[in-house]
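Asks: Okay, handing you the structure first.
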Amino acid sequence: MAKIVIDPVTRIEGHLKIECVVENGVVKDSHATGNLFRGLELILRGRDPRDAQVISQRICGVCPQSHGIASTLNLDSAFGIAGKIPDNGRIIRNLIHGAHVVQDHILHFYHLAALDYVNVADVASYAGNDSQLNSIKDFINRGALGPFMPRYEGDYRLPPEVNQAAVAHYVKALEMRRIGHEAVAIFSGKVPHSVGVVPGGVTSTPTPDNIMAYIWKIKILQDFVDNVYIPDVLAVAGAYMDYAEIGAGCKNLLSFGSYDLDGKNPDYATRDRLFKQGVIGADLKPGALDTNKITEQVKHSWYEDSTTNRHPSQGDTKPQYGKKDAYTWSKAPRYDGKVYEVGPVARVAMTYAKGDPKMKEMVEGSLKALKATPAALFSVLGRHLARALSAKYIADSLEGWALSLKTGEPAYVEYELPEQASGMGIIEGSRGALGHWIEIKDKKIANYQAVVPTTWNASPMDDKGQHGPIEQALIGTKVKDESNPFEIVRIVRSFDPCIACAVHCVTPKGRNLGQYRVV
Amino acid sequence: MVKELPVIYLQTGGCSGCAVTMLNSASPTIKNILIDQLAPGVHINLRFHPVVMAAAGDLAIEALEDTAKTKKGEYVLVVDGAIPTVDGGVYGMMGERNGKPVTMQQRVEELAKDALAVIAMGTCAAFGGIPAAPPNPAGCVPVQKIMELKKINKPLINIPGCPPHPDWFVGTVASIIMNGLPKAEDLDEFLRPKLFYGKLIHENCPRRAYFDEGKFAKKFGDEGCLYELGCRGPITHADCPIRHWNSGTNWVIGAGAPCNGCTQPEFAQELTSFYEKLVDVDLPVVGAYWEKKEGNNG
């Protein structure tokens, strides 16, 4: 029996440790542990509620727009204006979030995941005229190979010319994601940590030049997604089809839905959205979303058992470091007592299952190209494919939205800061279902809770002993070479974990920071 | 012969926003910075960077420790994030040694000691930033504090911003390559390069005329100076109004939003509520508040 410890897991956001117990070449047990605590929710308490969207963006510098918008929807609902945001405000928020998520998906595939599949060293034998590839060849020949070396050695399967093309695309993708951020900045000032989204709408008003500038940046991204990103995902998949059969995990998917198509219905759980809300299993039968069914469990986390199984709006945090059977600061969010995976695969599967014609065509077309069935969505490759389709579905929607902006009309509505209120904001961040909850007393934040995608995916065992999604995806996996555990890192990275998110809300060892309870 | 400048990029108690802002560098691009010779004959050899490097786990930590050993006194240490110190720093761990987790605090101490120079990237590393705001649950401190406590006497440059503009970092590295380490007079009292942080936002703001006329926006979308909507431009040192962000696309006030003062040591605690007018500011004499507050005469 061997124990594989990967610490840090790199090419993710934040600090993650993965431990796997391997017996006869198969993962028998697995623990995921976040390694950093900052406590941003505690920092929010007592502050002006409007500051929440500024501070909560700093939960994660990779997905700040997602946090900013979840937080703003949360504040809109607490301020009683969830159904009153002007269409310009609602649409500009979609444009800001959409451009951000498209570039984030590109970043994940090329810059975070690809090095597990693509052999950069093949560029050393490149003999063509591409100046970018030749500059990388020079770089390799100089011999100082940071950051591409060292790495795990062995299982790189793509032919040299495909590897070379993929490296050229790695470089091109750096430019693409930068352009995506430029598109965000048009309406939101700067990225990361942008400033344009505020309760009541957005700070900028649409102008014809802004709309045109935005559209033409998006067209560049659409071209890349259609002609480079999706073909590359299919090419990698073709060489690694065994990864369509491993890393399935719990096979329950949860989507909060995202990109508001309607601004009048104040209930985000039923509001018309581009990506649909709901829960779905391996049978691909969609179920309605009921956010009251969300609880956080702590039997295997370093918190007192008395606080377990509560809805996030009633969360209570009583640290108990060293508690028997506990191994992480992350709580275990569960839906209806069951383990749920979140992410692009959840929102794509949900939208597909609800019969959206465009999504149906995209999902069925790409599965056909891979000679795969919808069961393949529940796998390492399924997550990468769904992420690429998520990028396309969003990118293809942005131009129409931008053109529906009405110049000269407001994008912001005024409101009164309430003495007391509670709120909820739910969206699909890049990495999946993201929920923010707030309690306001005396015009200050009395409590703030964020349940974020990676807390779902990297959660520990729950009260019933059910492992979290990443842990389940690892358990049962065959590891061919324990000193080069490709299978483990490929499975973990397919979830695109964001660990600053997952552990931002935990409480440090042995330090009682008070108790947080919302009535 | 190309000179390799080894760089160790350590992420501590932060959000990765500083790593992402670097990816947004427009000219030179991030590819130019990492792959090409940044200046003729000089290549930045990024030995450790958790967001972009191929290696993971022990392999990654070996690359880190090997560089520290073999390039003693030659590498530039970049720290992005504040450093958790409560209870011996156990809330921030990075990798293991002899099967035991190593704290970020210990990593920073060990690596700063033998560095050529240290760059504190972002407001968390430079001043503590948001994680160090009360109640500062993890006991986060800036790099400077760790160096003072451990009496580490190495050149330190602060590049604050939440996140910083990529040009501020790239420009600082370029300056080291072209002119050597900065002299005392190149940095302000908070160790920020004057080249980028020498002027107030307010001094170069295109809405400054509105301020001088007393025309203030009352709600978002209004014309006018954003002072009454909470703009921290009058006390914030940075060149955003002339540099602009994301390849020169836009900037905070350009999007109709107030500056939140993210390059300042006061960020975030003393600058919240972000959407309330600055209190206690002695305007219109630009900078007077700042001088009074810090007891500064220059």
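Following the order of the structure tokens, first chain is A, next is B, and so on, with residues numbered from 1 inside each chain and ligands from 1 in the order they appear.
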Can you tell me which residues surround Asn45 (chain B) at a distance of at most 12 Å, considering only C-alpha atoms, apart from same-chain residues fewer than 5 positions away, and format the answer as a PyMOL selection string?

Replies: (chain A and resi 139-140+142-149) or (chain B and resi 2-9+32-38+53+63+67+71+74-77)

Asks: In region 34-276 of chain B, what's helix (DSSP H, G or I) per DSSP? Answer as a VMD selection string?

Replies: chain B and resid 34 57 to 70 86 to 89 104 to 113 122 to 127 130 to 132 143 to 149 166 to 179 184 to 186 194 to 197 201 to 204 208 to 213 227 to 229 233 to 235 240 to 243 253 to 255 269 to 271

Asks: Find the residues around Arg232 (chain B) up to 6 Å (only C-alpha atoms counted), leave out those fewer than 6 positions away in its own chain, and share them as number ranges by chain.

Replies: B: 259-261

Asks: Could you save those same residues with N, CA and C atoms as an mmCIF file, in the first residue's frame?

Replies:
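As written to disk, part-v4.cif reads:
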```cif
data_model
loop_
_atom_site.group_PDB
_atom_site.id
_atom_site.type_symbol
_atom_site.label_atom_id
_atom_site.label_comp_id
_atom_site.auth_asym_id
_atom_site.auth_seq_id
_atom_site.Cartn_x
_atom_site.Cartn_y
_atom_site.Cartn_z
ATOM 1 N N CYS B 259 -12.550 55.253 -7.666
ATOM 2 C CA CYS B 259 -11.313 54.577 -7.258
ATOM 3 C C CYS B 259 -11.477 54.122 -5.812
ATOM 4 N N ASN B 260 -11.062 52.885 -5.503
ATOM 5 C CA ASN B 260 -11.167 52.452 -4.108
ATOM 6 C C ASN B 260 -9.832 52.479 -3.360
ATOM 7 N N GLY B 261 -8.833 53.077 -3.957
ATOM 8 C CA GLY B 261 -7.591 53.320 -3.220
ATOM 9 C C GLY B 261 -6.713 52.101 -3.024
#
```

Asks: So which residues touch Leu234 (chain A) within 8 Å, counting only C-alpha atoms, skipping near sequence neighbours fewer than 4 positions away, as a PyMOL selection string?

Replies: chain A and resi 230+238+366+369-370+385

Asks: With only C-alpha atoms as the atoms that count, which of B:Thr12, B:Ser27, B:Asn158, B:Asn204 lies nearest to Asp186 (chain B)?

Replies: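 Closest to Asp186 (chain B) of all the choices is B:Asn158.
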
Asks: Of the candidates B:Gly224, B:Gly95, B:Gly81, B:Pro40, which one gets nearest to Leu64 (chain B) if we count only C-alpha atoms?

Replies: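 Of all the options, B:Gly95 lies closest to Leu64 (chain B).
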
Asks: Find the residues around Asp232 (chain A) up to 10 Å (only C-alpha atoms counted), leave out those fewer than 2 positions away in its own chain, and share them as a ChimeraX atom specification.

Replies: /A:109-110,114,162,165-166,169,225-230,234-238,388
